[in-house]
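Student: The following file, entry.cif, comprises mmCIF, C-alpha atoms:
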data_run
loop_
_atom_site.group_PDB
_atom_site.id
_atom_site.type_symbol
_atom_site.label_atom_id
_atom_site.label_comp_id
_atom_site.auth_asym_id
_atom_site.auth_seq_id
_atom_site.Cartn_x
_atom_site.Cartn_y
_atom_site.Cartn_z
ATOM 1 C CA MET A 1 -14.080 -12.188 -6.520
ATOM 2 C CA THR A 2 -11.616 -9.381 -5.972
ATOM 3 C CA GLU A 3 -12.499 -7.102 -3.067
ATOM 4 C CA VAL A 4 -12.249 -3.331 -3.403
ATOM 5 C CA LYS A 5 -12.838 -1.933 0.059
ATOM 6 C CA GLU A 6 -15.038 1.160 0.334
ATOM 7 C CA GLY A 7 -13.762 4.204 2.228
ATOM 8 C CA LEU A 8 -10.188 3.863 0.978
ATOM 9 C CA LEU A 9 -8.315 5.692 -1.760
ATOM 10 C CA TYR A 10 -6.337 3.781 -4.394
ATOM 11 C CA THR A 11 -3.532 4.323 -6.870
ATOM 12 C CA LYS A 12 -3.654 2.885 -10.389
ATOM 13 C CA GLU A 13 -0.793 0.605 -9.309
ATOM 14 C CA GLY A 14 -2.919 -0.968 -6.589
ATOM 15 C CA ILE A 15 -1.799 0.728 -3.383
ATOM 16 C CA TRP A 16 -4.640 1.514 -0.966
ATOM 17 C CA VAL A 17 -4.607 4.438 1.453
ATOM 18 C CA GLU A 18 -6.669 4.757 4.641
ATOM 19 C CA ILE A 19 -6.688 8.231 6.189
ATOM 20 C CA THR A 20 -6.998 8.526 9.963
ATOM 21 C CA GLY A 21 -6.419 11.993 11.365
ATOM 22 C CA GLY A 22 -2.968 13.186 10.341
ATOM 23 C CA LYS A 23 -1.688 9.825 9.181
ATOM 24 C CA ALA A 24 -2.284 7.428 6.339
ATOM 25 C CA ARG A 25 -1.980 3.647 6.414
ATOM 26 C CA ILE A 26 -0.978 2.079 3.114
ATOM 27 C CA GLY A 27 -1.146 -1.440 1.750
ATOM 28 C CA LEU A 28 -1.509 -3.546 -1.378
ATOM 29 C CA SER A 29 -5.013 -3.954 -2.794
ATOM 30 C CA ASP A 30 -6.650 -7.336 -3.213
ATOM 31 C CA ARG A 31 -6.414 -6.995 -7.011
ATOM 32 C CA ALA A 32 -2.718 -6.091 -6.871
ATOM 33 C CA GLN A 33 -1.843 -9.003 -4.576
ATOM 34 C CA GLU A 34 -3.736 -11.404 -6.879
ATOM 35 C CA GLU A 35 -1.799 -10.128 -9.903
ATOM 36 C CA LEU A 36 1.495 -10.379 -8.023
ATOM 37 C CA GLY A 37 0.860 -13.879 -6.679
ATOM 38 C CA GLU A 38 2.163 -15.330 -3.441
ATOM 39 C CA VAL A 39 4.228 -12.705 -1.621
ATOM 40 C CA ILE A 40 7.459 -14.197 -0.279
ATOM 41 C CA TYR A 41 9.374 -11.099 0.843
ATOM 42 C CA VAL A 42 8.621 -7.465 1.663
ATOM 43 C CA GLN A 43 11.268 -4.743 1.760
ATOM 44 C CA PRO A 44 9.417 -2.067 3.751
ATOM 45 C CA PRO A 45 10.157 1.647 3.784
ATOM 46 C CA VAL A 46 12.572 2.942 6.426
ATOM 47 C CA VAL A 47 10.900 4.258 9.595
ATOM 48 C CA GLY A 48 11.665 7.949 10.163
ATOM 49 C CA ARG A 49 12.505 8.568 6.507
ATOM 50 C CA HIS A 50 10.859 11.418 4.609
ATOM 51 C CA ILE A 51 9.355 10.115 1.374
ATOM 52 C CA ALA A 52 7.946 11.842 -1.679
ATOM 53 C CA ARG A 53 4.861 10.908 -3.683
ATOM 54 C CA ASN A 54 5.752 8.507 -6.540
ATOM 55 C CA GLU A 55 9.122 7.676 -4.933
ATOM 56 C CA GLU A 56 10.224 4.036 -4.734
ATOM 57 C CA ILE A 57 10.229 3.287 -1.001
ATOM 58 C CA GLY A 58 10.613 -0.504 -0.919
ATOM 59 C CA ALA A 59 9.790 -3.672 -2.819
ATOM 60 C CA ILE A 60 7.441 -6.631 -2.783
ATOM 61 C CA GLU A 61 8.738 -9.966 -4.022
ATOM 62 C CA SER A 62 6.618 -12.883 -5.176
ATOM 63 C CA PHE A 63 7.399 -16.070 -7.069
ATOM 64 C CA LYS A 64 6.389 -14.175 -10.235
ATOM 65 C CA ALA A 65 8.260 -10.880 -9.879
ATOM 66 C CA ILE A 66 9.874 -8.213 -7.750
ATOM 67 C CA SER A 67 7.689 -5.109 -7.776
ATOM 68 C CA PRO A 68 8.758 -1.697 -6.545
ATOM 69 C CA LEU A 69 6.682 -0.180 -3.770
ATOM 70 C CA ILE A 70 5.793 3.323 -4.933
ATOM 71 C CA SER A 71 4.639 5.827 -2.321
ATOM 72 C CA PRO A 72 1.164 7.225 -2.974
ATOM 73 C CA LEU A 73 1.881 10.350 -0.900
ATOM 74 C CA SER A 74 4.560 12.541 0.608
ATOM 75 C CA GLY A 75 5.350 12.429 4.300
ATOM 76 C CA LYS A 76 7.358 10.738 7.016
ATOM 77 C CA VAL A 77 7.255 6.975 7.604
ATOM 78 C CA LEU A 78 5.925 6.548 11.159
ATOM 79 C CA SER A 79 5.843 2.755 11.390
ATOM 80 C CA ILE A 80 5.892 -0.436 9.366
ATOM 81 C CA ASN A 81 4.029 -3.700 9.787
ATOM 82 C CA GLN A 82 6.624 -5.849 11.581
ATOM 83 C CA ALA A 83 4.444 -8.955 11.117
ATOM 84 C CA LEU A 84 5.283 -8.984 7.389
ATOM 85 C CA GLU A 85 8.910 -9.788 8.189
ATOM 86 C CA GLY A 86 7.992 -13.244 9.452
ATOM 87 C CA GLU A 87 4.818 -13.725 7.433
ATOM 88 C CA PRO A 88 4.836 -11.775 4.142
ATOM 89 C CA SER A 89 1.902 -13.857 2.889
ATOM 90 C CA LEU A 90 -0.360 -11.721 5.135
ATOM 91 C CA MET A 91 -0.421 -9.387 2.137
ATOM 92 C CA ASN A 92 -2.227 -12.170 0.249
ATOM 93 C CA SER A 93 -4.498 -13.532 2.959
ATOM 94 C CA SER A 94 -5.474 -10.219 4.576
ATOM 95 C CA PRO A 95 -4.544 -7.301 2.289
ATOM 96 C CA TYR A 96 -6.837 -4.743 3.968
ATOM 97 C CA SER A 97 -6.187 -5.553 7.624
ATOM 98 C CA ASP A 98 -3.284 -7.736 8.823
ATOM 99 C CA GLY A 99 -1.288 -7.249 5.601
ATOM 100 C CA TRP A 100 -0.914 -3.444 5.724
ATOM 101 C CA LEU A 101 2.518 -2.031 4.854
ATOM 102 C CA ALA A 102 3.221 1.259 6.629
ATOM 103 C CA ASP A 103 1.821 4.290 8.423
ATOM 104 C CA ILE A 104 2.844 7.656 6.997
ATOM 105 C CA GLU A 105 2.485 11.126 8.490
ATOM 106 C CA ILE A 106 0.572 13.161 5.909
ATOM 107 C CA GLU A 107 2.497 16.122 4.529
ATOM 108 C CA ASP A 108 0.370 17.271 1.581
ATOM 109 C CA HIS A 109 -3.380 16.677 1.585
ATOM 110 C CA GLY A 110 -3.337 17.592 -2.111
ATOM 111 C CA ASP A 111 -1.852 14.132 -2.801
ATOM 112 C CA PHE A 112 -5.285 12.616 -2.147
ATOM 113 C CA GLY A 113 -6.773 14.371 -5.163
ATOM 114 C CA LYS A 114 -4.454 12.325 -7.369
ATOM 115 C CA MET A 115 -5.865 9.009 -6.069
ATOM 116 C CA LEU A 116 -8.924 7.019 -7.041
ATOM 117 C CA SER A 117 -12.112 6.323 -5.111
ATOM 118 C CA ALA A 118 -13.110 2.678 -4.660
ATOM 119 C CA GLU A 119 -15.674 3.101 -7.441
ATOM 120 C CA ARG A 120 -13.116 4.533 -9.882
ATOM 121 C CA TYR A 121 -10.523 1.897 -8.935
ATOM 122 C CA ARG A 122 -13.062 -0.875 -9.697
ATOM 123 C CA SER A 123 -13.592 0.562 -13.186
ATOM 124 C CA ILE A 124 -9.946 0.524 -14.311
#
Re-express the file's structure as structure tokens.
Tutor:
Amino acid sequence: MTEVKEGLLYTKEGIWVEITGGKARIGLSDRAQEELGEVIYVQPPVVGRHIARNEEIGAIESFKAISPLISPLSGKVLSINQALEGEPSLMNSSPYSDGWLADIEIEDHGDFGKMLSAERYRSI
């Protein structure tokens, strides 16, 4: 059964967002990784780069497809998950913990109003 973790925000495209203080950690939801299939390569966003909400900031490649990574919020990329470089399949095996994508400094808290609660994400 697909896990939708409580306490996170989600985009319709399957990106989860965890807010901690002034930063947000993003990753690929369990449902999105299942639809994508086995992840074989991750092109992460560039650390230090300012990104805008709905901007393509990287890509996720599986045996099925190459999917653009669309930012759920505006801000500055603080860090990326270096572990994905050597083991991109962490996005499949541990999408909500070891398979996170990036930490972003929050610029506009209004971006969160455009995301879905866990309950709403489950229903789409």
Student: For the atom pair atom CA of A:Val77 and atom CA of A:Arg49, what is the interatomic distance in Å to one decimal place?
Tutor: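 Computing it gives 5.6 Å between the two atoms.
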Student: Let me make sure I understand: among A:Leu78, A:Val46, A:Leu36, A:Ala83, which one has the smallest atom-to-atom distance to A:Lys64 if we use all atoms listed in the file?
Tutor: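 Closest to A:Lys64, using all atoms listed in the file: A:Leu36.
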Student: Apply the PyMOL selection byres ((chain A and resi 40) around 12) to the file shown and report the selected residues as a CSV table (one decimal) with C-alpha atoms, in the frame of the given file.
Tutor:
chain,number,residue,atom,x,y,z
A,33,GLN,CA,-1.8,-9.0,-4.6
A,36,LEU,CA,1.5,-10.4,-8.0
A,37,GLY,CA,0.9,-13.9,-6.7
A,38,GLU,CA,2.2,-15.3,-3.4
A,39,VAL,CA,4.2,-12.7,-1.6
A,41,TYR,CA,9.4,-11.1,0.8
A,42,VAL,CA,8.6,-7.5,1.7
A,43,GLN,CA,11.3,-4.7,1.8
A,59,ALA,CA,9.8,-3.7,-2.8
A,60,ILE,CA,7.4,-6.6,-2.8
A,61,GLU,CA,8.7,-10.0,-4.0
A,62,SER,CA,6.6,-12.9,-5.2
A,63,PHE,CA,7.4,-16.1,-7.1
A,64,LYS,CA,6.4,-14.2,-10.2
A,65,ALA,CA,8.3,-10.9,-9.9
A,66,ILE,CA,9.9,-8.2,-7.8
A,67,SER,CA,7.7,-5.1,-7.8
A,84,LEU,CA,5.3,-9.0,7.4
A,85,GLU,CA,8.9,-9.8,8.2
A,86,GLY,CA,8.0,-13.2,9.5
A,87,GLU,CA,4.8,-13.7,7.4
A,88,PRO,CA,4.8,-11.8,4.1
A,89,SER,CA,1.9,-13.9,2.9
A,90,LEU,CA,-0.4,-11.7,5.1
A,91,MET,CA,-0.4,-9.4,2.1
A,92,ASN,CA,-2.2,-12.2,0.2
Student: Given all atoms listed in the file as the basis, pick out the residue of A:Ser74, A:Thr20, A:Thr11, A:Ser79 nearest to A:Met115.
Tutor: A:Thr11
Student: Evaluate the PyMOL selection byres ((chain A and resi 12) around 9) against this structure - the residues, as an mmCIF file with C-alpha atoms, in the frame of the given file, please.
Tutor:
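As a result, part.cif now contains:
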data_model
loop_
_atom_site.group_PDB
_atom_site.id
_atom_site.type_symbol
_atom_site.label_atom_id
_atom_site.label_comp_id
_atom_site.auth_asym_id
_atom_site.auth_seq_id
_atom_site.Cartn_x
_atom_site.Cartn_y
_atom_site.Cartn_z
ATOM 1 C CA TYR A 10 -6.337 3.781 -4.394
ATOM 2 C CA THR A 11 -3.532 4.323 -6.870
ATOM 3 C CA GLU A 13 -0.793 0.605 -9.309
ATOM 4 C CA GLY A 14 -2.919 -0.968 -6.589
ATOM 5 C CA ILE A 15 -1.799 0.728 -3.383
ATOM 6 C CA MET A 115 -5.865 9.009 -6.069
ATOM 7 C CA LEU A 116 -8.924 7.019 -7.041
ATOM 8 C CA TYR A 121 -10.523 1.897 -8.935
ATOM 9 C CA ILE A 124 -9.946 0.524 -14.311
#
Student: Distance atom CA of A:Glu34-atom CA of A:Glu3, one decimal place?
Tutor: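 Answer for the atom CA of A:Glu34 to atom CA of A:Glu3 separation: 10.5 Å.
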Student: Selection in question (the file shown): the PyMOL selection byres ((chain A and resi 119) around 10). Which residues does it include, as a list in words?
Tutor: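 Applied to this file, the PyMOL selection byres ((chain A and resi 119) around 10) returns Val4, Lys5, Glu6, Gly7, Leu9, Tyr10, Leu116, Ser117, Ala118, Arg120, Tyr121, Arg122, Ser123 and Ile124 of chain A.
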Student: So the first atom is atom CA of A:Leu69 and the second is atom CA of A:Lys114; what is the distance between them in Å, to one decimal place?
Tutor: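 One can read the atom CA of A:Leu69 to atom CA of A:Lys114 distance as 17.1 Å.
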Student: Step by step: start from the point (2.5, 18.9, 3.6) in the file's coordinates, keep every protein, DNA or RNA residue that has an atom no farther than 12 Å from it, count all atoms listed in the file, and write the set as a PyMOL selection string.
Tutor: chain A and resi 22-23+50-53+73-76+104-112
Student: Adding 5 Å on each side of the box along x, y and z that holds all listed atoms of stretch 20-31 of chain A, could you give its centre and edge lengths in Å to one decimal, as lines of an AutoDock Vina configuration file?
Tutor:
center_x = -4.0
center_y = 2.9
center_z = 2.2
size_x = 16.0
size_y = 30.5
size_z = 28.4
Student: Can you pull out every residue within 8 Å of A:Asn54, counting only C-alpha atoms, but drop anything in the same chain fewer than 4 positions away, and send it as an mmCIF file with C-alpha atoms, in the coordinates of the input?
Tutor:
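Saved result, around16.cif, follows:
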data_model
loop_
_atom_site.group_PDB
_atom_site.id
_atom_site.type_symbol
_atom_site.label_atom_id
_atom_site.label_comp_id
_atom_site.auth_asym_id
_atom_site.auth_seq_id
_atom_site.Cartn_x
_atom_site.Cartn_y
_atom_site.Cartn_z
ATOM 1 C CA ILE A 70 5.793 3.323 -4.933
ATOM 2 C CA SER A 71 4.639 5.827 -2.321
ATOM 3 C CA PRO A 72 1.164 7.225 -2.974
ATOM 4 C CA LEU A 73 1.881 10.350 -0.900
#
Student: When you look at A:Pro45 with a cut-off of 8 Å (counting only C-alpha atoms), what residues show up, excluding the ones that are within fewer than 6 positions of it in the same chain? I need them as an mmCIF file with C-alpha atoms, in the frame of the given file.
Tutor:
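Below is the file that was written, result.cif:
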data_model
loop_
_atom_site.group_PDB
_atom_site.id
_atom_site.type_symbol
_atom_site.label_atom_id
_atom_site.label_comp_id
_atom_site.auth_asym_id
_atom_site.auth_seq_id
_atom_site.Cartn_x
_atom_site.Cartn_y
_atom_site.Cartn_z
ATOM 1 C CA ILE A 57 10.229 3.287 -1.001
ATOM 2 C CA GLY A 58 10.613 -0.504 -0.919
ATOM 3 C CA VAL A 77 7.255 6.975 7.604
ATOM 4 C CA ILE A 80 5.892 -0.436 9.366
ATOM 5 C CA ALA A 102 3.221 1.259 6.629
#
